[in-house]
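Step one of this worksheet: look at the structure below.
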Amino acid sequence: MKTLEFKKDIKASAEKTYDTMLGLKNIKTYEQWAAEFNPTSTYEGSWDKGSKIYFIGTDDEGNKGGMVSEIADNVPFSFVSIRHYGILNGETEITKGEEVEKWTGGMEKYRFNEHDGVTTVHIEVDVAEDFADDFKATWPKALNKLQELAENQN
C-alpha cells in the first residue's frame, strides 16, 4: 500500500468545510464531490467515532459495491480518520480473502486547519498500488469540487 497526500485551501470556515465534506447537513454535498470517484458515490452509516460506515456506489451494470469502514476518530471541524477493513459486494460484507487484503487496514485522514477564514484541507490516503494513479488524478478534482461547494453555499 502507498500513502498519498493532497492539500487544498478553501475560503470557508473549518466548520463549513467539514460539514460540506462529510455531508452532515445535506448528504448531497458529500455525493457531489465524491462523484469525481464514481457518479453514484454515497455513504450509509454514521461519522461518529467507532461507527461502521459504508462508502458505496454502483458499477456500470448497476451492482452495489464499496468499502466497509470504521470511523477511527472524529474531532469535529478538525480531524477525521477512516479505517477500511472490508469491501461490500451487493449486500454482502467481505472482510477476508485476497480481494480484501490489498485494502485491509488502509486509512484515510482528513485534517481541517483554519487561518484567517481560509481552511486548508490536508488529506492522507492509503491506496493499493494499482489504484495510485487513479487516486492521484481524481483527488485534486474532488477537492476542487469540495472547494466550489464550500465556498458557494450559504
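Ordered as shown in the C-alpha cells, chains take letters A, B, and onward, while each chain numbers its residues from 1 and ligands are numbered from 1 in the order shown.
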
Running DSSP on the backbone, which parts of chain A land in alpha helix (DSSP H), as a count of residues only? 42

Counting only C-alpha atoms, which residues in stretch 73-125 of chain A sit no more than 12 Å from stretch 141-145 of chain A? For each one, give the nearest pair of atoms and the distance in Å, sorted by chain then residue number, as a Markdown table.
```
| residue | atom | partner | partner_atom | distance |
| --- | --- | --- | --- | --- |
| A:Tyr110 | CA | A:Leu143 | CA | 11.7 |
| A:Thr120 | CA | A:Leu143 | CA | 10.8 |
| A:Val121 | CA | A:Leu143 | CA | 8.6 |
| A:His122 | CA | A:Leu143 | CA | 10.1 |
| A:Ile123 | CA | A:Leu143 | CA | 9.7 |
```

Env of stretch 149-151 of chain A: 8 Å cut, atoms = only C-alpha atoms, seq-sep filter 6 positions within chain, self excluded. Answer as a PyMOL selection string. chain A and resi 10-12+16-17+20+29

With all heavy atoms retained, write the just-selected residues as a compact mmCIF listing (two decimals), in the first residue's frame.
```txt
# COMPACT_ATOMS: atom_id res chain seq x y z
N ILE A 10 -9.37 26.41 1.08
CA ILE A 10 -10.77 26.71 0.80
C ILE A 10 -11.16 27.95 1.59
O ILE A 10 -10.96 27.99 2.81
CB ILE A 10 -11.66 25.50 1.16
CG1 ILE A 10 -11.26 24.31 0.28
CG2 ILE A 10 -13.14 25.84 1.00
CD1 ILE A 10 -11.97 23.01 0.60
N LYS A 11 -11.73 28.94 0.91
CA LYS A 11 -12.14 30.20 1.56
C LYS A 11 -13.48 30.00 2.25
O LYS A 11 -14.53 30.49 1.79
CB LYS A 11 -12.20 31.33 0.54
CG LYS A 11 -10.86 31.71 -0.02
CD LYS A 11 -10.97 32.78 -1.08
CE LYS A 11 -9.62 32.99 -1.74
NZ LYS A 11 -9.73 33.62 -3.04
N ALA A 12 -13.44 29.25 3.33
CA ALA A 12 -14.62 28.96 4.16
C ALA A 12 -14.10 28.51 5.52
O ALA A 12 -12.95 28.08 5.65
CB ALA A 12 -15.48 27.87 3.52
N LYS A 16 -17.68 24.86 8.18
CA LYS A 16 -18.42 24.75 6.92
C LYS A 16 -17.76 23.74 5.98
O LYS A 16 -18.44 22.94 5.34
CB LYS A 16 -18.51 26.12 6.25
CG LYS A 16 -19.38 26.14 5.02
CD LYS A 16 -19.51 27.55 4.50
CE LYS A 16 -20.48 27.63 3.36
NZ LYS A 16 -20.55 28.99 2.82
N THR A 17 -16.44 23.76 5.91
CA THR A 17 -15.71 22.83 5.04
C THR A 17 -15.92 21.39 5.50
O THR A 17 -16.21 20.51 4.69
CB THR A 17 -14.22 23.20 5.01
OG1 THR A 17 -14.09 24.57 4.59
CG2 THR A 17 -13.45 22.31 4.06
N THR A 20 -19.52 20.30 4.84
CA THR A 20 -19.71 20.09 3.40
C THR A 20 -19.06 18.78 2.96
O THR A 20 -19.66 17.99 2.23
CB THR A 20 -19.13 21.27 2.60
OG1 THR A 20 -19.77 22.48 3.02
CG2 THR A 20 -19.34 21.09 1.10
N THR A 29 -23.97 17.15 -0.52
CA THR A 29 -22.67 17.82 -0.66
C THR A 29 -21.55 16.78 -0.70
O THR A 29 -20.60 16.92 -1.47
CB THR A 29 -22.42 18.87 0.44
OG1 THR A 29 -22.41 18.25 1.72
CG2 THR A 29 -23.46 19.98 0.38
```

Applying 9 Å and only C-alpha atoms, which residues near stretch 57-66 of chain A remain after dropping the ones on its own chain fewer than 4 positions away? List them as a ChimeraX atom specification. /A:38-43,86-92

Residue list (strand (DSSP E), DSSP) for stretch 20-119 of chain A, as a ChimeraX atom specification: /A:42-45,52-58,64-75,79-89,92-94,107-115,118-119

Writing out the chosen residues with C-alpha atoms as a PDB file, in the first residue's frame:
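Output file part_10.pdb is given in full below:
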```
ATOM      1  CA  THR A  42     -22.698   7.973  -1.342  1.00  0.00           C
ATOM      2  CA  TYR A  43     -22.361   6.589   2.150  1.00  0.00           C
ATOM      3  CA  GLU A  44     -24.517   4.714   4.644  1.00  0.00           C
ATOM      4  CA  GLY A  45     -23.814   4.932   8.341  1.00  0.00           C
ATOM      5  CA  LYS A  52     -19.295   1.462  10.923  1.00  0.00           C
ATOM      6  CA  ILE A  53     -19.777   3.277   7.629  1.00  0.00           C
ATOM      7  CA  TYR A  54     -20.182   2.052   4.053  1.00  0.00           C
ATOM      8  CA  PHE A  55     -18.753   4.096   1.180  1.00  0.00           C
ATOM      9  CA  ILE A  56     -20.776   2.836  -1.757  1.00  0.00           C
ATOM     10  CA  GLY A  57     -21.689   3.289  -5.363  1.00  0.00           C
ATOM     11  CA  THR A  58     -22.867   1.240  -8.289  1.00  0.00           C
ATOM     12  CA  LYS A  64     -23.870  -2.011  -5.488  1.00  0.00           C
ATOM     13  CA  GLY A  65     -20.375  -2.177  -4.022  1.00  0.00           C
ATOM     14  CA  GLY A  66     -17.869  -0.261  -1.971  1.00  0.00           C
ATOM     15  CA  MET A  67     -15.812  -0.163   1.186  1.00  0.00           C
ATOM     16  CA  VAL A  68     -16.668  -1.372   4.685  1.00  0.00           C
ATOM     17  CA  SER A  69     -15.043   1.037   7.080  1.00  0.00           C
ATOM     18  CA  GLU A  70     -14.884   2.341  10.625  1.00  0.00           C
ATOM     19  CA  ILE A  71     -14.587   5.936  11.757  1.00  0.00           C
ATOM     20  CA  ALA A  72     -11.359   5.581  13.751  1.00  0.00           C
ATOM     21  CA  ASP A  73     -11.524   9.167  15.013  1.00  0.00           C
ATOM     22  CA  ASN A  74     -13.624  12.263  14.510  1.00  0.00           C
ATOM     23  CA  VAL A  75     -12.795  15.603  16.094  1.00  0.00           C
ATOM     24  CA  PHE A  79      -9.790  15.795  12.060  1.00  0.00           C
ATOM     25  CA  VAL A  80     -11.403  12.625  10.702  1.00  0.00           C
ATOM     26  CA  SER A  81      -9.745   9.261  10.206  1.00  0.00           C
ATOM     27  CA  ILE A  82     -11.298   6.276   8.497  1.00  0.00           C
ATOM     28  CA  ARG A  83     -10.037   2.695   8.667  1.00  0.00           C
ATOM     29  CA  HIS A  84     -11.051   0.424   5.802  1.00  0.00           C
ATOM     30  CA  TYR A  85     -11.419  -3.246   6.682  1.00  0.00           C
ATOM     31  CA  GLY A  86     -13.562  -4.813   4.010  1.00  0.00           C
ATOM     32  CA  ILE A  87     -15.459  -4.481   0.790  1.00  0.00           C
ATOM     33  CA  LEU A  88     -19.156  -4.547   0.097  1.00  0.00           C
ATOM     34  CA  ASN A  89     -20.380  -6.720  -2.760  1.00  0.00           C
ATOM     35  CA  THR A  92     -22.513  -8.886   1.433  1.00  0.00           C
ATOM     36  CA  GLU A  93     -19.585  -7.712   3.562  1.00  0.00           C
ATOM     37  CA  ILE A  94     -16.303  -9.369   2.620  1.00  0.00           C
ATOM     38  CA  MET A 107      -6.512   4.670   6.354  1.00  0.00           C
ATOM     39  CA  GLU A 108      -7.873   7.977   5.172  1.00  0.00           C
ATOM     40  CA  LYS A 109      -7.105  11.044   7.287  1.00  0.00           C
ATOM     41  CA  TYR A 110      -8.678  14.453   6.763  1.00  0.00           C
ATOM     42  CA  ARG A 111      -7.327  17.491   8.616  1.00  0.00           C
ATOM     43  CA  PHE A 112      -9.037  20.878   8.622  1.00  0.00           C
ATOM     44  CA  ASN A 113      -6.843  23.842   9.653  1.00  0.00           C
ATOM     45  CA  GLU A 114      -8.451  27.285   9.563  1.00  0.00           C
ATOM     46  CA  HIS A 115      -6.470  30.530   9.477  1.00  0.00           C
ATOM     47  CA  VAL A 118      -9.260  30.008   4.923  1.00  0.00           C
ATOM     48  CA  THR A 119      -9.332  26.305   5.715  1.00  0.00           C
TER      49      THR A 119
END
```
